[in-house]
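Next comes upload.txt, with compact mmCIF, C-alpha atoms and all ligand atoms.
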# COMPACT_ATOMS: atom_id res chain seq x y z
CA MET A 244 14.91 -1.55 11.21
CA ARG A 245 11.40 -2.98 11.00
CA THR A 246 10.67 -5.13 7.94
CA GLU A 247 7.64 -3.85 6.01
CA LEU A 248 5.20 -6.68 5.43
CA SER A 249 2.10 -6.84 3.29
CA ILE A 250 -0.30 -9.74 2.86
CA GLU A 251 -2.51 -10.65 -0.06
CA PHE A 252 -5.97 -12.25 0.02
CA PHE A 253 -8.44 -13.25 -2.65
CA PRO A 254 -12.07 -12.24 -2.13
CA PRO A 255 -14.07 -15.11 -0.58
CA GLN A 256 -16.90 -16.68 -2.56
CA SER A 257 -19.27 -17.58 0.27
CA ALA A 258 -20.39 -16.41 3.70
CA GLU A 259 -18.36 -19.26 5.18
CA GLY A 260 -15.27 -18.15 3.25
CA ALA A 261 -15.80 -14.60 4.48
CA ASP A 262 -15.94 -15.80 8.10
CA LYS A 263 -12.77 -17.79 7.58
CA LEU A 264 -11.01 -14.83 5.99
CA ARG A 265 -11.97 -12.60 8.93
CA ALA A 266 -10.31 -15.08 11.30
CA THR A 267 -7.25 -15.42 9.02
CA ARG A 268 -6.91 -11.64 8.79
CA ASP A 269 -7.10 -11.21 12.56
CA GLN A 270 -4.48 -13.91 13.09
CA LEU A 271 -2.15 -12.28 10.56
CA ALA A 272 -2.71 -8.84 12.06
CA VAL A 273 -0.22 -9.73 14.83
CA LEU A 274 2.46 -9.25 12.14
CA GLU A 275 1.33 -5.61 11.87
CA PRO A 276 1.48 -5.59 8.06
CA GLY A 277 1.56 -2.22 6.29
CA PHE A 278 -1.50 -3.34 4.33
CA PHE A 279 -3.67 -6.26 3.31
CA SER A 280 -4.32 -6.39 -0.43
CA VAL A 281 -7.28 -8.05 -2.15
CA THR A 282 -7.10 -9.48 -5.65
CA TYR A 283 -9.45 -8.66 -8.48
CA GLY A 284 -10.81 -11.37 -10.76
CA ALA A 285 -10.18 -11.45 -14.49
CA GLY A 286 -12.30 -8.98 -16.42
CA GLY A 287 -13.86 -7.51 -13.26
CA SER A 288 -15.49 -10.80 -12.26
CA THR A 289 -14.98 -10.10 -8.54
CA ARG A 290 -15.70 -6.37 -8.64
CA GLU A 291 -18.34 -6.45 -5.85
CA ARG A 292 -16.58 -9.09 -3.74
CA THR A 293 -13.22 -7.32 -3.93
CA PHE A 294 -14.88 -4.07 -2.93
CA ALA A 295 -16.79 -5.68 -0.04
CA THR A 296 -13.65 -7.42 1.26
CA VAL A 297 -11.58 -4.23 1.04
CA LYS A 298 -14.25 -2.20 2.83
CA GLU A 299 -14.48 -4.78 5.58
CA ILE A 300 -10.71 -4.84 6.13
CA ALA A 301 -10.67 -1.04 6.29
CA ALA A 302 -13.65 -0.97 8.66
CA ALA A 303 -11.77 -3.34 10.99
CA GLY A 304 -9.06 -0.67 11.24
CA TYR A 305 -6.43 -2.11 8.87
CA GLU A 306 -4.98 -0.53 5.74
CA ALA A 307 -6.56 -2.22 2.70
CA ALA A 308 -5.34 -2.10 -0.88
CA PRO A 309 -7.59 -3.32 -3.70
CA HIS A 310 -6.04 -4.81 -6.81
CA LEU A 311 -7.55 -3.37 -9.97
CA SER A 312 -7.03 -4.80 -13.43
CA CYS A 313 -7.90 -2.96 -16.62
CA VAL A 314 -7.91 -5.39 -19.53
CA GLY A 315 -11.39 -5.57 -21.01
CA ALA A 316 -12.59 -2.57 -18.97
CA SER A 317 -13.89 0.80 -20.10
CA ARG A 318 -12.65 4.12 -18.77
CA ASP A 319 -16.09 4.79 -17.32
CA SER A 320 -16.16 1.53 -15.36
CA ILE A 321 -12.67 2.14 -13.93
CA ARG A 322 -13.65 5.73 -13.09
CA GLY A 323 -16.67 4.38 -11.17
CA ILE A 324 -14.50 1.95 -9.19
CA LEU A 325 -11.96 4.66 -8.35
CA GLN A 326 -14.76 6.89 -7.09
CA GLU A 327 -16.04 4.09 -4.85
CA TYR A 328 -12.58 3.62 -3.38
CA VAL A 329 -12.09 7.34 -2.83
CA ALA A 330 -15.47 7.47 -1.03
CA ALA A 331 -14.44 4.46 1.11
CA GLY A 332 -11.25 6.22 2.24
CA ILE A 333 -8.86 3.84 0.42
CA ARG A 334 -5.39 5.25 -0.24
CA ARG A 335 -3.48 2.45 -1.98
CA ILE A 336 -4.17 0.49 -5.18
CA VAL A 337 -2.36 -2.38 -6.88
CA ALA A 338 -2.74 -1.50 -10.59
CA LEU A 339 -2.57 -4.36 -13.10
CA ARG A 340 -3.34 -5.23 -16.64
CA GLY A 341 -4.88 -8.60 -15.74
CA ASP A 342 -5.54 -11.52 -18.06
CA LEU A 343 -8.72 -12.21 -19.96
CA PRO A 344 -9.94 -15.81 -19.98
CA SER A 345 -8.58 -17.52 -23.10
CA GLY A 346 -10.95 -17.08 -26.03
CA ALA A 347 -12.20 -13.72 -24.77
CA GLY A 348 -11.69 -10.85 -27.20
CA ALA A 349 -9.38 -7.97 -26.42
CA ALA A 350 -12.23 -5.44 -26.24
CA GLY A 351 -11.68 -2.68 -23.71
CA GLU A 352 -10.08 0.69 -23.53
CA PHE A 353 -6.79 -0.23 -21.83
CA ARG A 354 -4.01 -2.38 -23.26
CA TYR A 355 -1.35 -2.25 -20.56
CA ALA A 356 -1.06 -1.54 -16.85
CA SER A 357 0.91 1.64 -17.64
CA GLU A 358 -2.26 3.03 -19.23
CA LEU A 359 -4.22 2.24 -16.06
CA VAL A 360 -1.61 3.92 -13.87
CA GLU A 361 -1.73 6.98 -16.12
CA PHE A 362 -5.53 7.02 -15.92
CA ILE A 363 -5.58 6.69 -12.11
CA ARG A 364 -3.18 9.63 -11.82
CA ALA A 365 -5.19 11.72 -14.30
CA GLU A 366 -8.46 11.00 -12.46
CA THR A 367 -7.34 11.10 -8.84
CA GLY A 368 -4.00 12.94 -8.72
CA ASP A 369 -1.86 11.88 -5.78
CA ARG A 370 -4.72 10.37 -3.82
CA PHE A 371 -3.45 6.78 -4.15
CA HIS A 372 -0.14 5.11 -3.51
CA ILE A 373 0.07 2.96 -6.66
CA GLU A 374 1.74 -0.45 -6.64
CA VAL A 375 2.47 -2.27 -9.90
CA ALA A 376 3.59 -5.80 -10.76
CA ALA A 377 7.20 -6.75 -11.54
CA TYR A 378 8.58 -9.99 -12.96
CA PRO A 379 12.08 -11.10 -11.89
CA GLU A 380 11.77 -14.11 -14.23
CA TRP A 381 10.09 -11.95 -16.89
CA HIS A 382 6.43 -11.81 -17.78
CA PRO A 383 5.47 -14.86 -19.89
CA GLN A 384 4.22 -12.68 -22.77
CA ALA A 385 7.18 -10.30 -22.80
CA LYS A 386 8.97 -10.19 -26.15
CA SER A 387 12.33 -9.96 -24.40
CA PRO A 388 13.78 -9.06 -21.00
CA LYS A 389 14.63 -5.64 -22.43
CA ASP A 390 11.03 -5.08 -23.51
CA ASP A 391 9.73 -6.18 -20.12
CA LEU A 392 12.07 -3.75 -18.37
CA ALA A 393 10.89 -0.99 -20.69
CA ALA A 394 7.29 -1.89 -19.80
CA PHE A 395 8.16 -1.71 -16.11
CA LYS A 396 9.79 1.70 -16.62
CA ARG A 397 6.67 2.93 -18.41
CA LYS A 398 4.56 2.03 -15.36
CA VAL A 399 6.89 3.96 -13.08
CA GLU A 400 6.97 6.95 -15.41
CA ALA A 401 3.17 6.87 -15.53
CA GLY A 402 3.14 7.36 -11.76
CA ALA A 403 3.63 4.05 -9.91
CA ASN A 404 5.19 4.47 -6.46
CA SER A 405 6.40 0.94 -5.82
CA ALA A 406 6.27 -2.61 -7.12
CA ILE A 407 5.46 -6.09 -5.91
CA THR A 408 7.00 -9.01 -7.76
CA GLN A 409 5.54 -12.20 -9.08
CA TYR A 410 6.70 -14.98 -6.78
CA PHE A 411 9.98 -16.71 -7.56
CA TYR A 412 12.35 -19.18 -5.92
CA ASN A 413 15.55 -18.02 -7.66
CA LEU A 414 17.15 -15.36 -5.51
CA ASP A 415 19.45 -14.29 -8.36
CA ALA A 416 16.49 -13.50 -10.62
CA TYR A 417 15.27 -10.91 -8.11
CA LEU A 418 18.75 -9.45 -7.54
CA HIS A 419 19.35 -9.21 -11.29
CA PHE A 420 15.97 -7.58 -11.88
CA VAL A 421 16.59 -4.95 -9.20
CA ASP A 422 20.05 -4.23 -10.67
CA GLU A 423 18.58 -3.80 -14.15
CA VAL A 424 15.90 -1.42 -12.85
CA ARG A 425 18.52 0.62 -10.98
CA LYS A 426 20.59 0.83 -14.19
CA LEU A 427 17.58 2.54 -15.77
CA GLY A 428 17.93 5.23 -13.11
CA LEU A 429 14.82 4.17 -11.16
CA ASP A 430 14.87 3.91 -7.37
CA THR A 431 11.38 2.38 -7.12
CA PRO A 432 11.05 0.02 -4.13
CA ILE A 433 10.63 -3.54 -5.47
CA VAL A 434 9.08 -5.77 -2.83
CA PRO A 435 9.50 -9.50 -3.44
CA GLY A 436 6.26 -11.49 -3.60
CA ILE A 437 6.55 -14.59 -1.43
CA MET A 438 4.52 -17.72 -2.11
CA PRO A 439 4.53 -20.15 0.82
CA ILE A 440 4.27 -23.75 -0.39
CA GLY A 441 1.38 -25.84 0.94
CA SER A 442 0.68 -28.22 -1.92
CA PHE A 443 3.38 -28.92 -4.46
CA SER A 444 1.07 -30.18 -7.23
CA LYS A 445 -1.07 -27.02 -7.09
CA LEU A 446 2.01 -24.82 -7.05
CA ALA A 447 3.49 -26.63 -10.05
CA ARG A 448 0.31 -26.10 -12.12
CA PHE A 449 0.05 -22.46 -11.16
CA SER A 450 3.74 -21.77 -11.75
CA ASP A 451 3.57 -23.10 -15.32
CA ALA A 452 0.76 -20.68 -16.09
CA CYS A 453 2.34 -17.58 -14.61
CA GLY A 454 5.92 -18.23 -15.71
CA ALA A 455 7.47 -18.68 -12.26
CA GLU A 456 10.19 -21.32 -12.25
CA ILE A 457 10.42 -24.03 -9.64
CA PRO A 458 14.12 -24.92 -9.65
CA ARG A 459 14.91 -28.53 -10.51
CA TRP A 460 16.46 -29.31 -7.11
CA MET A 461 13.25 -28.15 -5.41
CA ARG A 462 10.92 -29.93 -7.83
CA LYS A 463 12.86 -33.21 -7.53
CA THR A 464 12.82 -33.02 -3.74
CA PHE A 465 9.09 -32.26 -3.61
CA GLU A 466 8.37 -35.10 -6.05
CA SER A 467 10.38 -37.50 -3.90
CA TYR A 468 7.95 -36.89 -1.01
CA GLY A 469 4.99 -38.27 -3.01
CA ASP A 470 1.81 -37.88 -0.92
CA ASP A 471 3.63 -37.10 2.31
CA SER A 472 2.05 -33.69 2.89
CA ASP A 473 3.88 -33.14 6.20
CA ALA A 474 7.25 -33.58 4.49
CA ILE A 475 6.18 -31.29 1.63
CA ARG A 476 5.04 -28.62 4.06
CA ALA A 477 8.22 -28.87 6.15
CA PHE A 478 10.50 -28.63 3.11
CA GLY A 479 8.42 -25.76 1.69
CA LEU A 480 8.73 -23.81 4.94
CA ASP A 481 12.51 -24.35 5.05
CA VAL A 482 13.02 -23.26 1.45
CA VAL A 483 10.80 -20.19 1.62
CA THR A 484 12.17 -19.05 4.99
CA ARG A 485 15.71 -19.30 3.64
CA LEU A 486 14.73 -17.32 0.53
CA CYS A 487 13.20 -14.58 2.73
CA GLU A 488 16.34 -14.47 4.90
CA GLN A 489 18.52 -14.07 1.82
CA LEU A 490 16.23 -11.41 0.34
CA LEU A 491 16.23 -9.33 3.50
CA ALA A 492 20.00 -9.72 3.89
CA ALA A 493 20.38 -8.52 0.29
CA GLY A 494 18.38 -5.37 1.05
CA ALA A 495 14.82 -6.19 -0.11
CA PRO A 496 12.61 -3.37 1.15
CA GLY A 497 9.97 -5.71 2.59
CA LEU A 498 8.06 -8.92 1.91
CA HIS A 499 4.64 -9.34 0.30
CA PHE A 500 3.00 -12.67 1.18
CA TYR A 501 0.62 -14.43 -1.19
CA SER A 502 -1.29 -15.91 1.72
CA MET A 503 -3.89 -17.85 -0.32
CA ASN A 504 -6.19 -16.90 2.58
CA GLN A 505 -4.23 -19.14 4.97
CA ALA A 506 -2.65 -17.73 8.13
CA ALA A 507 -0.41 -20.59 9.29
CA PRO A 508 2.35 -20.68 6.60
CA THR A 509 2.92 -16.89 6.61
CA LEU A 510 2.87 -16.80 10.41
CA GLU A 511 5.35 -19.65 10.67
CA ILE A 512 7.77 -18.14 8.14
CA CYS A 513 7.62 -14.77 9.91
CA ARG A 514 8.12 -16.46 13.28
CA ARG A 515 11.25 -18.16 11.97
CA LEU A 516 12.46 -14.86 10.55
CA GLY A 517 11.95 -13.22 13.93
CA LEU A 518 9.39 -10.82 12.45
CA THR A 519 6.51 -11.58 14.80
CA ALA A 520 5.63 -8.36 16.58
P1 LIG A 601 1.68 -5.06 -17.93
O1 LIG A 601 2.65 -4.33 -17.10
O2 LIG A 601 0.75 -4.26 -18.80
O3 LIG A 601 2.52 -6.08 -18.82
C1 LIG A 601 1.85 -7.13 -19.53
C2 LIG A 601 2.71 -7.58 -20.70
O4 LIG A 601 2.71 -6.58 -21.72
C3 LIG A 601 4.20 -7.81 -20.36
O5 LIG A 601 4.64 -8.89 -21.14
C4 LIG A 601 4.87 -6.50 -20.80
O6 LIG A 601 6.23 -6.71 -21.14
C5 LIG A 601 4.04 -6.14 -22.02
N1 LIG A 601 3.93 -4.70 -22.24
C6 LIG A 601 3.61 -3.75 -21.35
N2 LIG A 601 3.55 -2.53 -21.95
C7 LIG A 601 3.82 -2.74 -23.26
C8 LIG A 601 3.87 -1.90 -24.42
N3 LIG A 601 3.63 -0.58 -24.35
N4 LIG A 601 4.17 -2.46 -25.61
C9 LIG A 601 4.40 -3.79 -25.73
N5 LIG A 601 4.35 -4.65 -24.66
C10 LIG A 601 4.06 -4.12 -23.46
N6 LIG A 601 -4.14 -10.59 -12.07
C11 LIG A 601 -5.46 -10.40 -11.85
O7 LIG A 601 -6.28 -10.67 -12.73
N7 LIG A 601 -5.93 -9.94 -10.65
C12 LIG A 601 -5.09 -9.60 -9.64
O8 LIG A 601 -5.56 -9.17 -8.57
C13 LIG A 601 -3.69 -9.75 -9.84
N8 LIG A 601 -2.81 -9.40 -8.88
C14 LIG A 601 -1.46 -9.49 -9.14
C15 LIG A 601 -0.56 -9.05 -8.17
C16 LIG A 601 0.81 -9.10 -8.40
C17 LIG A 601 1.75 -8.57 -7.35
C18 LIG A 601 1.30 -9.65 -9.61
C19 LIG A 601 2.78 -9.78 -9.84
C20 LIG A 601 0.41 -10.11 -10.57
C21 LIG A 601 -0.97 -10.02 -10.36
N9 LIG A 601 -1.89 -10.42 -11.33
C22 LIG A 601 -3.24 -10.27 -11.10
C23 LIG A 601 -1.44 -11.02 -12.59
C24 LIG A 601 -1.30 -9.98 -13.73
O9 LIG A 601 -2.54 -9.38 -14.01
C25 LIG A 601 -0.76 -10.72 -14.94
O10 LIG A 601 0.54 -11.15 -14.72
C26 LIG A 601 -0.88 -9.99 -16.28
O11 LIG A 601 -0.60 -10.91 -17.32
C27 LIG A 601 0.06 -8.82 -16.45
O12 LIG A 601 -0.27 -7.76 -15.67
P2 LIG A 601 0.72 -6.49 -15.53
O13 LIG A 601 0.01 -5.50 -14.72
O14 LIG A 601 2.05 -6.92 -15.13
O15 LIG A 601 0.73 -6.02 -17.09

Kindly return the structure encoded in the file as structure tokens.
Amino acid sequence: MRTELSIEFFPPQSAEGADKLRATRDQLAVLEPGFFSVTYGAGGSTRERTFATVKEIAAAGYEAAPHLSCVGASRDSIRGILQEYVAAGIRRIVALRGDLPSGAGAAGEFRYASELVEFIRAETGDRFHIEVAAYPEWHPQAKSPKDDLAAFKRKVEAGANSAITQYFYNLDAYLHFVDEVRKLGLDTPIVPGIMPIGSFSKLARFSDACGAEIPRWMRKTFESYGDDSDAIRAFGLDVVTRLCEQLLAAGAPGLHFYSMNQAAPTLEICRRLGLTA
């Protein structure tokens, strides 16, 4: 059976970045991903750039899925964005709460992603396939694992079709999360989010913020390589390829790559997995 792949980009900030992303996208297209998704900056800060990037991907003949976050937004502004995406022929959305920059007030008409999913369904019916976020190592603000599972269930009950996880390097966290979701009677596909490792220091900073754990054995090994970026890259590729192998063997329904707008790591991992079309 073919492994479903999807690949995430962030919207470029400059004309040069847009050129580079076009080249990256065309390189990654050999993997024949089900869709390319495009992130959405906190509080709508990339609204125009996300839209432009999504439209361009779609115009090039690929399936494009915008991310849309709701914290700090009004119903009217989200309605306007949905209408733009309907007019552009988009059929898939990644619906998120998002995070406001620290210090920003909690103004806005949505509190949780489940409310956004509900709103998208109320406004646009079955037009969109809705993806939501899932957290095998639990969302950093969740009161408890049980509460986080209940929040996930609420998103599915509001109309989400499938989920993409935060990245993780602990296979058991994903397997446990899927088991817990199944125990709730939900058969929602839960696609693991895969973060290739280019720079360990960047990854470590980012992981602290989003609550993804870098296991001690990995951290110690990366640290032992110091500035040797070739060794870091080689170890990162080995670890992430092995994780993907184990996930697919355990029945993961696909892989979602956080590409960071780079083609090479995703291509190399998929080549090693034998997924290159
Ligand atoms: P929610 O599902 O609303 O959950 C947020 C928190 O609230 C959790 O702790 C949950 O347990 C809790 N909660 C939910 N409902 C309730 C309730 N009714 N009562 C009490 N507690 C509740 N961020 C961006 O800004 N732009 C992006 O493009 C983006 N893309 C992402 C893509 C993926 C695949 C993932 C995994 C994350 C992405 N994020 C993005 C990050 C995401 O916005 C943050 O992790 C954010 O903090 C939570 O978003 P969520 O949609 O999971 O929120």

**Prompt:** Quick one: residues within 7 Å of ligand LIG 601 (chain A), with all atoms listed in the file, as a ChimeraX atom specification?
**Reply:** /A:281-285,310-312,338-342,354-357,375-378,382-386,390-391,394-395,398,407-409,436,453

Limited to C-alpha atoms, could you put the picked residues into a file as a CSV table (one decimal), in the frame of the given file?
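File out-v5.csv, as written:
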chain,number,residue,atom,x,y,z
A,281,VAL,CA,-7.3,-8.0,-2.2
A,282,THR,CA,-7.1,-9.5,-5.6
A,283,TYR,CA,-9.4,-8.7,-8.5
A,284,GLY,CA,-10.8,-11.4,-10.8
A,285,ALA,CA,-10.2,-11.4,-14.5
A,310,HIS,CA,-6.0,-4.8,-6.8
A,311,LEU,CA,-7.6,-3.4,-10.0
A,312,SER,CA,-7.0,-4.8,-13.4
A,338,ALA,CA,-2.7,-1.5,-10.6
A,339,LEU,CA,-2.6,-4.4,-13.1
A,340,ARG,CA,-3.3,-5.2,-16.6
A,341,GLY,CA,-4.9,-8.6,-15.7
A,342,ASP,CA,-5.5,-11.5,-18.1
A,354,ARG,CA,-4.0,-2.4,-23.3
A,355,TYR,CA,-1.4,-2.2,-20.6
A,356,ALA,CA,-1.1,-1.5,-16.8
A,357,SER,CA,0.9,1.6,-17.6
A,375,VAL,CA,2.5,-2.3,-9.9
A,376,ALA,CA,3.6,-5.8,-10.8
A,377,ALA,CA,7.2,-6.8,-11.5
A,378,TYR,CA,8.6,-10.0,-13.0
A,382,HIS,CA,6.4,-11.8,-17.8
A,383,PRO,CA,5.5,-14.9,-19.9
A,384,GLN,CA,4.2,-12.7,-22.8
A,385,ALA,CA,7.2,-10.3,-22.8
A,386,LYS,CA,9.0,-10.2,-26.2
A,390,ASP,CA,11.0,-5.1,-23.5
A,391,ASP,CA,9.7,-6.2,-20.1
A,394,ALA,CA,7.3,-1.9,-19.8
A,395,PHE,CA,8.2,-1.7,-16.1
A,398,LYS,CA,4.6,2.0,-15.4
A,407,ILE,CA,5.5,-6.1,-5.9
A,408,THR,CA,7.0,-9.0,-7.8
A,409,GLN,CA,5.5,-12.2,-9.1
A,436,GLY,CA,6.3,-11.5,-3.6
A,453,CYS,CA,2.3,-17.6,-14.6

**Minimum-distance residue to Met244 in chain A, chosen among A:Val424, A:Val297, A:Leu491, A:Cys513 (using all atoms listed in the file)** = A:Leu491

**Request:** Just give me the gap between CA of Pro254 in chain A and CA of Leu518 in chain A in Å, one decimal is fine.
**Result:**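 Computed distance, CA of Pro254 in chain A to CA of Leu518 in chain A, equals 26.0 Å.
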
**Prompt:** How far is it from CA of Glu466 in chain A to CA of Phe443 in chain A, in Å with one decimal?
**Reply:**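 For CA of Glu466 in chain A relative to CA of Phe443 in chain A, the distance reads 8.1 Å.
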
**Request:** Select all residues near (0.5, -29.4, 3.3) (cut-off 7 Å, inclusive, file coordinates), counting all atoms listed in the file, and output them as a ChimeraX atom specification.
**Result:** /A:441-442,472-473,475-476

**Request:** For each of A:Leu343, A:Ile336, A:Ser467, A:Arg425, take the minimum atom-to-atom distance to Ala403 in chain A, counting all atoms listed in the file, then give the residue where this is smallest.
**Result:**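 Answer, going by the shortest atom-to-atom distance: A:Ile336.
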
**Request:** Point out the residue among A:Glu380, A:Glu275, A:Glu306, A:Glu366 with the least atom-to-atom distance to Ala455 in chain A, counting only C-alpha atoms.
**Result:**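 The closest residue to Ala455 in chain A is A:Glu380.
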
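Reported to one decimal place, the separation of CA of Ala406 in chain A from CA of Gln270 in chain A is 25.5 Å.
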
**Request:** May I ask which of the residues A:Pro255, A:Ser450, A:Ala330, A:His419 is the closest one to Glu291 in chain A, counting only C-alpha atoms?
**Result:**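 Closest to Glu291 in chain A, using only C-alpha atoms: A:Pro255.
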
Within 9 Å of Trp381 in chain A, counting only C-alpha atoms, which residues qualify if same-chain residues fewer than 5 places away don't, as a PDB file with C-alpha atoms, in the coordinates of the input?
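Below is the file that was written, selection-v1.pdb:
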ATOM      1  CA  SER A 387      12.330  -9.960 -24.400  1.00  0.00           C
ATOM      2  CA  PRO A 388      13.780  -9.060 -21.000  1.00  0.00           C
ATOM      3  CA  ASP A 391       9.730  -6.180 -20.120  1.00  0.00           C
ATOM      4  CA  LEU A 392      12.070  -3.750 -18.370  1.00  0.00           C
ATOM      5  CA  PHE A 420      15.970  -7.580 -11.880  1.00  0.00           C
ATOM      6  CA  GLY A 454       5.920 -18.230 -15.710  1.00  0.00           C
ATOM      7  CA  ALA A 455       7.470 -18.680 -12.260  1.00  0.00           C
TER       8      ALA A 455
END

**Message:** When you look at range 317-325 of chain A with a cut-off of 10 Å (counting only C-alpha atoms), what residues show up, excluding the ones that are within fewer than 6 positions of it in the same chain? I need them as a ChimeraX atom specification.
**Reply:** /A:287,290-291,294,311,331,333,336,350-353,359,362-363,366-367,371

**Message:** With all atoms listed in the file as the counted atoms, please give the residues lying no more than 8 Å from range 483-487 of chain A, apart from itself and same-chain residues fewer than 4 positions off, as a ChimeraX atom specification.
**Reply:** /A:412,414,437-440,479,491,498,512-513,515-516

**Asked** From the set A:Asp451, A:Glu299, A:Glu456, A:Glu511, which residue has the shortest atom-to-atom contact distance to Ala477 in chain A, counting all atoms listed in the file?
**Response** A:Glu511

**Request:** Tell me which of A:Leu429, A:Ala495, A:Ile250, A:Val314 sits closest to Pro508 in chain A, counting only C-alpha atoms.
**Result:**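 Answer, going by the shortest atom-to-atom distance: A:Ile250.
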
Could you rebuild range 422-434 of chain A with N, CA, C and O atoms and give me the result as a tab-separated table (two decimals), keeping the file's coordinate frame?
chain	number	residue	atom	x	y	z
A	422	ASP	N	18.87	-4.89	-10.06
A	422	ASP	CA	20.05	-4.23	-10.67
A	422	ASP	C	19.69	-3.58	-12.00
A	422	ASP	O	20.09	-2.46	-12.28
A	423	GLU	N	18.93	-4.31	-12.82
A	423	GLU	CA	18.58	-3.80	-14.15
A	423	GLU	C	17.70	-2.55	-14.02
A	423	GLU	O	17.84	-1.60	-14.78
A	424	VAL	N	16.78	-2.59	-13.06
A	424	VAL	CA	15.90	-1.42	-12.85
A	424	VAL	C	16.73	-0.23	-12.38
A	424	VAL	O	16.54	0.90	-12.84
A	425	ARG	N	17.67	-0.49	-11.47
A	425	ARG	CA	18.52	0.62	-10.98
A	425	ARG	C	19.35	1.21	-12.13
A	425	ARG	O	19.59	2.41	-12.18
A	426	LYS	N	19.79	0.33	-13.05
A	426	LYS	CA	20.59	0.83	-14.19
A	426	LYS	C	19.78	1.77	-15.07
A	426	LYS	O	20.32	2.57	-15.81
A	427	LEU	N	18.44	1.62	-15.00
A	427	LEU	CA	17.58	2.54	-15.77
A	427	LEU	C	17.39	3.86	-15.04
A	427	LEU	O	16.63	4.73	-15.49
A	428	GLY	N	18.03	3.98	-13.86
A	428	GLY	CA	17.93	5.23	-13.11
A	428	GLY	C	16.68	5.31	-12.23
A	428	GLY	O	16.32	6.39	-11.77
A	429	LEU	N	16.04	4.16	-11.99
A	429	LEU	CA	14.82	4.17	-11.16
A	429	LEU	C	15.14	3.67	-9.75
A	429	LEU	O	15.82	2.65	-9.60
A	430	ASP	N	14.62	4.38	-8.74
A	430	ASP	CA	14.87	3.91	-7.37
A	430	ASP	C	13.60	3.33	-6.73
A	430	ASP	O	13.48	3.21	-5.52
A	431	THR	N	12.65	2.95	-7.56
A	431	THR	CA	11.38	2.38	-7.12
A	431	THR	C	11.58	1.19	-6.17
A	431	THR	O	12.31	0.25	-6.53
A	432	PRO	N	10.95	1.22	-4.98
A	432	PRO	CA	11.05	0.02	-4.13
A	432	PRO	C	10.42	-1.19	-4.83
A	432	PRO	O	9.33	-1.08	-5.39
A	433	ILE	N	11.12	-2.32	-4.80
A	433	ILE	CA	10.63	-3.54	-5.47
A	433	ILE	C	10.52	-4.62	-4.40
A	433	ILE	O	11.52	-5.22	-3.99
A	434	VAL	N	9.30	-4.84	-3.95
A	434	VAL	CA	9.08	-5.77	-2.83
A	434	VAL	C	8.88	-7.17	-3.38
A	434	VAL	O	8.01	-7.38	-4.24
